[in-house]
Amino acid sequence: MTAVTATTPDAFRPALHYAARSTWLNDPNGLIFHEGLYHLYYQNNPEDNVWGNMSWGHATSADLVTWTEQPVAIPCDEQEDIYSGSIVFDRYNTSGFGTESRPALVAIYTSAFKPASEHNGVQAQSLAYSQDGGYTWTKYAGNPVLNRGSAEFRDPKVFRYESGTTSYWVMVAVEALDFKVVFYSSPDLKNWEFLSSFGPANATGGVWECPDLFPLLVDGDPDNVKWVLTVNLNPGGPNSGSAGQYFVGDFDGVTFTSSSTVTEGAHDPARLGEYQWLDWGRDYYAAVSFSDVPDGRRLMIAWMNNWEYANEIPTSPWRSPMSLVREVSLQGVDGAPRLVQHVARELTSLGSGDPTFTVGACEIAEGEHIMDGAAGSVQRIEANLAPGTAEEFGVIVRGNGTRGTRIGIRPAEGRIVVDRRESGQTDFHESFASIDSAPVQPSGNSYDVTIYVDRCSVEVFAQGGRVTLSELIFPTCTSTDFSVYASGGTATINSLKITHLA
Ligand code: FRU
């Protein structure tokens, strides 16, 4: 019999999150719903499970739960690596890459030019098109289509801007080292004209990458539309390393005006907590949204990893999962619209027929308490917890006994913490074992927390989805215990429901 160890291939392979079969992935790219399928392209090394040979991998899903890996969509070659970008459905055949009856999908990606190219050292934007619904791609002979002569100009997100009778393509990209988002417009995806730029603002502790821009209704009100500009940055996140921030404001087709800018120019490290974060955890990066999702839903997905230790995480043969798919909306919070995030409903409805473990009102005595019958490694935990005299209280998941990943509330500090110092393998990188935290507020006198545990990760949604924390963990496959705990006093479980999802 083979020994089961944490490095046994696929001991960490998630059940609900996408990971490539046997290769490396980073940023999600070209997210689009098209002809009944969600397409997830991504930064992929087709040859290995560390970063390199950047190409676009591809997976498809009908339900956002089960993904099918497809052949590599756009491979690198001797001239260029294929860096991050987006895909649009060119419905009106503005590019001429399709026909009126069969319009093409068009990928807008960053060419990271190599020594064999006349553009060596430059990052510029290029096109490829697909006439078979996204499986095979042809590069445009006129590439690159937008070249600023910059070595750090990348990650184009393109969408169709429509206002009254005008409509045109808008590209949102970054000048990474300048902490600037740049906006361009085009009638045909081939010719681009500069519109404006935004930044530096708020967090600038690392290069700006992978921006996105989209409108959302505030509190579902069709007369109150705000635009959300998301910008990922590396490093400089609130708990170290890679993270994503967002701004809320207005976009008039030319300029983005932020109403959530706290600092302009170089940021103030002491004010990191005042900026708006897509996720406070260590492992939620390069988040971007899907195009053309039916019913106006705005769905986002991120790479679950952190450039601090990305190439060293102990999974094999694959490396790095994607996050779960999230639906984002805007909620007025104290007069300011803020993002609220929930796992997409296709995932929240999972497990309705599966065994659940429930606890009603019950006091947590000081200490750590394993709950029989609640063990698991793929589960949704929905808890409502009230403070008592404890300084910190919460749950311990993927435990070996009570040694596991702690997710707890510190009411006096007003923070929710994810403590992964005893989460399993941590020694592959000095910065991995960490206690990470986010500000959190009770609703009334209690805290609502929903946690998705999926073998090598926890995704935590608190305060009705206002606060999220996503982190990788690497416990041995036999660490499945579930506990509740209260340190330095007591706390109360108002309700607790665990649904097994494997
Ligand atoms: C973000 C990033 C992007 C770039 C890609 C290269 O993680 O650095 O800016 O396009 O990864 O793989």
# chains A, B, ... in the order shown; residues from 1 in each chain; ligands from 1

$ residues_around --residues "A:Gly265" --least-positions-apart "2" --cutoff "7 Å" --atoms "only C-alpha atoms" --output "PyMOL selection string"
chain A and resi 200-201+263+267

$ residues_near_ligand --ligand "ligand 1" --cutoff "7 Å" --atoms "only C-alpha atoms and all ligand atoms" --output "list in words"
Asn26, Asp27, Gln43, Met54, Tyr83, Ser84, Thr110, Arg154, Asp155, Glu209, Cys210 and Ala286 of chain A

$ closest_residue --among "A:Val484, A:Ala302, A:Ala73, A:Ala176" --to "A:Ala128" --atoms "only C-alpha atoms"
A:Ala73

$ residues_around --residues "A:Leu105" --least-positions-apart "6" --cutoff "6 Å" --atoms "only C-alpha atoms" --output "compact mmCIF listing (two decimals) with N, CA, C and O atoms, in the first residue's frame"
# COMPACT_ATOMS: atom_id res chain seq x y z
N VAL A 88 -13.74 39.47 -26.12
CA VAL A 88 -15.08 40.01 -26.39
C VAL A 88 -15.72 39.22 -27.53
O VAL A 88 -15.04 38.65 -28.39
N PHE A 89 -17.04 39.18 -27.49
CA PHE A 89 -17.81 38.64 -28.60
C PHE A 89 -18.09 39.82 -29.51
O PHE A 89 -18.80 40.76 -29.12
N ASP A 90 -17.53 39.80 -30.72
CA ASP A 90 -17.64 40.94 -31.64
C ASP A 90 -18.93 40.80 -32.45
O ASP A 90 -18.91 40.58 -33.67
N TYR A 129 -8.21 35.78 -32.89
CA TYR A 129 -9.66 35.60 -33.03
C TYR A 129 -10.00 34.12 -33.21
O TYR A 129 -9.17 33.31 -33.64
N SER A 130 -11.24 33.82 -32.81
CA SER A 130 -11.72 32.44 -32.90
C SER A 130 -13.04 32.42 -33.65
O SER A 130 -13.96 33.19 -33.33

$ residues_around --residues "stretch 316-325 of chain A" --least-positions-apart "3" --cutoff "7 Å" --atoms "only C-alpha atoms" --output "list in words"
Pro9, Asp10, His17, Tyr18, Ala19, Ala20, Arg21, Ser22, Thr23, Trp24, Leu25, Asn26, Asn49, Leu64, Leu299, Met300, Ile301, Ala302, Trp303, Met304, Asn305, Val343 and Ala344 of chain A

$ atom_distance --atom1 "atom CA of A:Ser167" --atom2 "atom CA of A:Lys139"
25.3 Å

$ residues_around --residues "A:Glu346" --least-positions-apart "5" --cutoff "12 Å" --atoms "only C-alpha atoms" --output "MDAnalysis selection string"
chainID A and resid 16 61:66 299 324:327 351:352

$ closest_atom_pairs --of "stretch 196-287 of chain A" --to "stretch 433-441 of chain A" --cutoff "8 Å" --atoms "only C-alpha atoms" --output "JSON lines"
{"residue": "A:Asn239", "atom": "CA", "partner": "A:Asp436", "partner_atom": "CA", "distance": 5.8}
{"residue": "A:Trp280", "atom": "CA", "partner": "A:Ala438", "partner_atom": "CA", "distance": 6.0}
{"residue": "A:Gly281", "atom": "CA", "partner": "A:Asp436", "partner_atom": "CA", "distance": 6.7}
{"residue": "A:Arg282", "atom": "CA", "partner": "A:Asp436", "partner_atom": "CA", "distance": 7.6}

$ atom_distance --atom1 "atom CA of A:Gln245" --atom2 "atom CA of A:Leu229"
8.6 Å

$ residues_around --residues "A:Phe179" --least-positions-apart "3" --cutoff "7 Å" --atoms "only C-alpha atoms" --output "VMD selection string"
chain A and resid 175 to 176 199 to 200 204 207 to 208

$ atom_distance --atom1 "atom CA of A:Ala151" --atom2 "atom CA of A:Ile82"
14.3 Å

$ residues_around --residues "A:Cys362" --least-positions-apart "5" --cutoff "7 Å" --atoms "only C-alpha atoms" --output "list in words"
Thr492, Ile493 and Asn494 of chain A

$ select_by_dssp --residues "stretch 144-392 of chain A" --states "strand (DSSP E or B)" --output "MDAnalysis selection string"
chainID A and resid 146 153:163 166:175 180:186 193:198 201 207:218 221:234 243:251 256:258 264 277 285:289 291 299:303 319 321:322 326:333 336:343 356:359 362:364 367:370 378:387 392

$ select_by_dssp --residues "stretch 99-291 of chain A" --states "helix (DSSP H, G or I)" --output "mmCIF file with all heavy atoms, in the first residue's frame"
data_model
loop_
_atom_site.group_PDB
_atom_site.id
_atom_site.type_symbol
_atom_site.label_atom_id
_atom_site.label_comp_id
_atom_site.auth_asym_id
_atom_site.auth_seq_id
_atom_site.Cartn_x
_atom_site.Cartn_y
_atom_site.Cartn_z
ATOM 1 N N ALA A 176 2.078 49.475 -15.356
ATOM 2 C CA ALA A 176 2.203 48.830 -14.043
ATOM 3 C C ALA A 176 3.096 49.595 -13.066
ATOM 4 O O ALA A 176 2.748 49.758 -11.902
ATOM 5 C CB ALA A 176 2.719 47.405 -14.224
ATOM 6 N N LEU A 177 4.254 50.088 -13.552
ATOM 7 C CA LEU A 177 5.204 50.726 -12.639
ATOM 8 C C LEU A 177 4.796 52.146 -12.276
ATOM 9 O O LEU A 177 5.298 52.705 -11.301
ATOM 10 C CB LEU A 177 6.605 50.778 -13.262
ATOM 11 C CG LEU A 177 7.259 49.447 -13.589
ATOM 12 C CD1 LEU A 177 8.722 49.658 -13.982
ATOM 13 C CD2 LEU A 177 7.162 48.466 -12.449
ATOM 14 N N ASP A 178 3.899 52.737 -13.082
ATOM 15 C CA ASP A 178 3.445 54.111 -12.800
ATOM 16 C C ASP A 178 2.200 54.137 -11.924
ATOM 17 O O ASP A 178 1.673 55.210 -11.651
ATOM 18 C CB ASP A 178 3.108 54.845 -14.119
ATOM 19 C CG ASP A 178 4.304 54.939 -15.045
ATOM 20 O OD1 ASP A 178 5.434 54.763 -14.559
ATOM 21 O OD2 ASP A 178 4.105 55.163 -16.258
ATOM 22 N N PRO A 269 1.343 53.907 4.069
ATOM 23 C CA PRO A 269 1.166 52.544 4.588
ATOM 24 C C PRO A 269 0.257 52.493 5.815
ATOM 25 O O PRO A 269 -0.436 51.509 6.043
ATOM 26 C CB PRO A 269 2.584 52.101 4.956
ATOM 27 C CG PRO A 269 3.491 53.028 4.236
ATOM 28 C CD PRO A 269 2.749 54.305 3.987
ATOM 29 N N ALA A 270 0.211 53.562 6.576
ATOM 30 C CA ALA A 270 -0.624 53.572 7.781
ATOM 31 C C ALA A 270 -2.107 53.616 7.424
ATOM 32 O O ALA A 270 -2.962 53.387 8.273
ATOM 33 C CB ALA A 270 -0.268 54.780 8.643
ATOM 34 N N ARG A 271 -2.413 53.902 6.145
ATOM 35 C CA ARG A 271 -3.829 54.039 5.778
ATOM 36 C C ARG A 271 -4.340 52.879 4.926
ATOM 37 O O ARG A 271 -5.453 52.948 4.398
ATOM 38 C CB ARG A 271 -4.027 55.385 5.052
ATOM 39 C CG ARG A 271 -3.590 56.550 5.942
ATOM 40 C CD ARG A 271 -3.942 57.882 5.368
ATOM 41 N NE ARG A 271 -5.388 58.112 5.417
ATOM 42 C CZ ARG A 271 -5.957 59.271 5.062
ATOM 43 N NH1 ARG A 271 -5.219 60.267 4.630
ATOM 44 N NH2 ARG A 271 -7.268 59.422 5.135
ATOM 45 N N LEU A 272 -3.532 51.807 4.831
ATOM 46 C CA LEU A 272 -3.945 50.645 4.024
ATOM 47 C C LEU A 272 -5.344 50.164 4.396
ATOM 48 O O LEU A 272 -6.115 49.734 3.549
ATOM 49 C CB LEU A 272 -2.980 49.469 4.242
ATOM 50 C CG LEU A 272 -1.729 49.362 3.389
ATOM 51 C CD1 LEU A 272 -1.067 48.014 3.621
ATOM 52 C CD2 LEU A 272 -2.069 49.521 1.916
ATOM 53 N N GLY A 273 -5.661 50.224 5.692
ATOM 54 C CA GLY A 273 -6.949 49.741 6.187
ATOM 55 C C GLY A 273 -8.125 50.588 5.738
ATOM 56 O O GLY A 273 -9.275 50.167 5.854
ATOM 57 N N GLU A 274 -7.851 51.784 5.219
ATOM 58 C CA GLU A 274 -8.956 52.647 4.778
ATOM 59 C C GLU A 274 -9.306 52.427 3.306
ATOM 60 O O GLU A 274 -10.296 52.949 2.822
ATOM 61 C CB GLU A 274 -8.574 54.122 4.964
ATOM 62 C CG GLU A 274 -8.426 54.538 6.407
ATOM 63 C CD GLU A 274 -7.850 55.948 6.502
ATOM 64 O OE1 GLU A 274 -8.391 56.862 5.850
ATOM 65 O OE2 GLU A 274 -6.835 56.103 7.204
#

$ decode --residues "stretch 369-380 of chain A" --atoms "all heavy atoms" --output "mmCIF file, in the first residue's frame"
data_model
loop_
_atom_site.group_PDB
_atom_site.id
_atom_site.type_symbol
_atom_site.label_atom_id
_atom_site.label_comp_id
_atom_site.auth_asym_id
_atom_site.auth_seq_id
_atom_site.Cartn_x
_atom_site.Cartn_y
_atom_site.Cartn_z
ATOM 1 N N HIS A 369 -13.116 22.840 21.291
ATOM 2 C CA HIS A 369 -14.042 21.710 21.397
ATOM 3 C C HIS A 369 -14.254 21.089 20.028
ATOM 4 O O HIS A 369 -14.852 21.711 19.143
ATOM 5 C CB HIS A 369 -15.387 22.188 21.940
ATOM 6 C CG HIS A 369 -15.229 23.124 23.100
ATOM 7 N ND1 HIS A 369 -14.992 22.676 24.379
ATOM 8 C CD2 HIS A 369 -15.212 24.477 23.155
ATOM 9 C CE1 HIS A 369 -14.856 23.736 25.182
ATOM 10 N NE2 HIS A 369 -14.979 24.831 24.462
ATOM 11 N N ILE A 370 -13.777 19.850 19.878
ATOM 12 C CA ILE A 370 -14.001 19.125 18.616
ATOM 13 C C ILE A 370 -15.472 18.735 18.551
ATOM 14 O O ILE A 370 -16.044 18.295 19.546
ATOM 15 C CB ILE A 370 -13.123 17.855 18.569
ATOM 16 C CG1 ILE A 370 -11.643 18.235 18.632
ATOM 17 C CG2 ILE A 370 -13.418 17.040 17.323
ATOM 18 C CD1 ILE A 370 -10.690 17.058 18.681
ATOM 19 N N MET A 371 -16.088 18.928 17.411
ATOM 20 C CA MET A 371 -17.505 18.577 17.285
ATOM 21 C C MET A 371 -17.632 17.290 16.485
ATOM 22 O O MET A 371 -17.340 17.268 15.280
ATOM 23 C CB MET A 371 -18.264 19.725 16.634
ATOM 24 C CG MET A 371 -18.076 21.009 17.425
ATOM 25 S SD MET A 371 -19.314 22.251 17.114
ATOM 26 C CE MET A 371 -20.503 21.880 18.373
ATOM 27 N N ASP A 372 -18.062 16.244 17.158
ATOM 28 C CA ASP A 372 -18.216 14.949 16.493
ATOM 29 C C ASP A 372 -19.261 15.065 15.393
ATOM 30 O O ASP A 372 -20.298 15.695 15.593
ATOM 31 C CB ASP A 372 -18.682 13.890 17.501
ATOM 32 C CG ASP A 372 -17.550 13.480 18.423
ATOM 33 O OD1 ASP A 372 -16.383 13.693 18.035
ATOM 34 O OD2 ASP A 372 -17.844 12.989 19.522
ATOM 35 N N GLY A 373 -18.989 14.462 14.278
ATOM 36 C CA GLY A 373 -19.970 14.465 13.192
ATOM 37 C C GLY A 373 -19.829 15.653 12.257
ATOM 38 O O GLY A 373 -20.529 15.739 11.256
ATOM 39 N N ALA A 374 -18.919 16.591 12.601
ATOM 40 C CA ALA A 374 -18.789 17.785 11.756
ATOM 41 C C ALA A 374 -17.527 17.734 10.895
ATOM 42 O O ALA A 374 -17.258 18.660 10.137
ATOM 43 C CB ALA A 374 -18.772 19.033 12.620
ATOM 44 N N ALA A 375 -16.764 16.651 10.999
ATOM 45 C CA ALA A 375 -15.478 16.587 10.296
ATOM 46 C C ALA A 375 -15.668 16.589 8.786
ATOM 47 O O ALA A 375 -16.689 16.124 8.279
ATOM 48 C CB ALA A 375 -14.724 15.330 10.721
ATOM 49 N N GLY A 376 -14.679 17.107 8.077
ATOM 50 C CA GLY A 376 -14.743 17.076 6.620
ATOM 51 C C GLY A 376 -13.620 17.873 6.004
ATOM 52 O O GLY A 376 -12.891 18.591 6.697
ATOM 53 N N SER A 377 -13.465 17.751 4.701
ATOM 54 C CA SER A 377 -12.435 18.547 4.035
ATOM 55 C C SER A 377 -12.994 19.352 2.871
ATOM 56 O O SER A 377 -12.290 20.160 2.277
ATOM 57 C CB SER A 377 -11.284 17.656 3.565
ATOM 58 O OG SER A 377 -11.773 16.643 2.749
ATOM 59 N N VAL A 378 -14.260 19.134 2.522
ATOM 60 C CA VAL A 378 -14.922 19.955 1.505
ATOM 61 C C VAL A 378 -16.290 20.312 2.081
ATOM 62 O O VAL A 378 -17.199 19.488 2.123
ATOM 63 C CB VAL A 378 -15.088 19.183 0.175
ATOM 64 C CG1 VAL A 378 -15.688 20.106 -0.882
ATOM 65 C CG2 VAL A 378 -13.756 18.621 -0.302
ATOM 66 N N GLN A 379 -16.417 21.510 2.596
ATOM 67 C CA GLN A 379 -17.666 21.847 3.275
ATOM 68 C C GLN A 379 -17.983 23.338 3.224
ATOM 69 O O GLN A 379 -17.099 24.167 3.040
ATOM 70 C CB GLN A 379 -17.659 21.358 4.732
ATOM 71 C CG GLN A 379 -16.330 21.385 5.402
ATOM 72 C CD GLN A 379 -16.324 20.796 6.830
ATOM 73 O OE1 GLN A 379 -15.703 21.374 7.677
ATOM 74 N NE2 GLN A 379 -16.974 19.681 7.099
ATOM 75 N N ARG A 380 -19.254 23.613 3.388
ATOM 76 C CA ARG A 380 -19.708 24.985 3.577
ATOM 77 C C ARG A 380 -20.134 25.122 5.030
ATOM 78 O O ARG A 380 -20.931 24.325 5.525
ATOM 79 C CB ARG A 380 -20.899 25.289 2.660
ATOM 80 C CG ARG A 380 -21.436 26.723 2.821
ATOM 81 C CD ARG A 380 -22.845 26.908 2.231
ATOM 82 N NE ARG A 380 -22.900 26.516 0.836
ATOM 83 C CZ ARG A 380 -23.689 25.552 0.361
ATOM 84 N NH1 ARG A 380 -24.504 24.887 1.154
ATOM 85 N NH2 ARG A 380 -23.671 25.250 -0.907
#
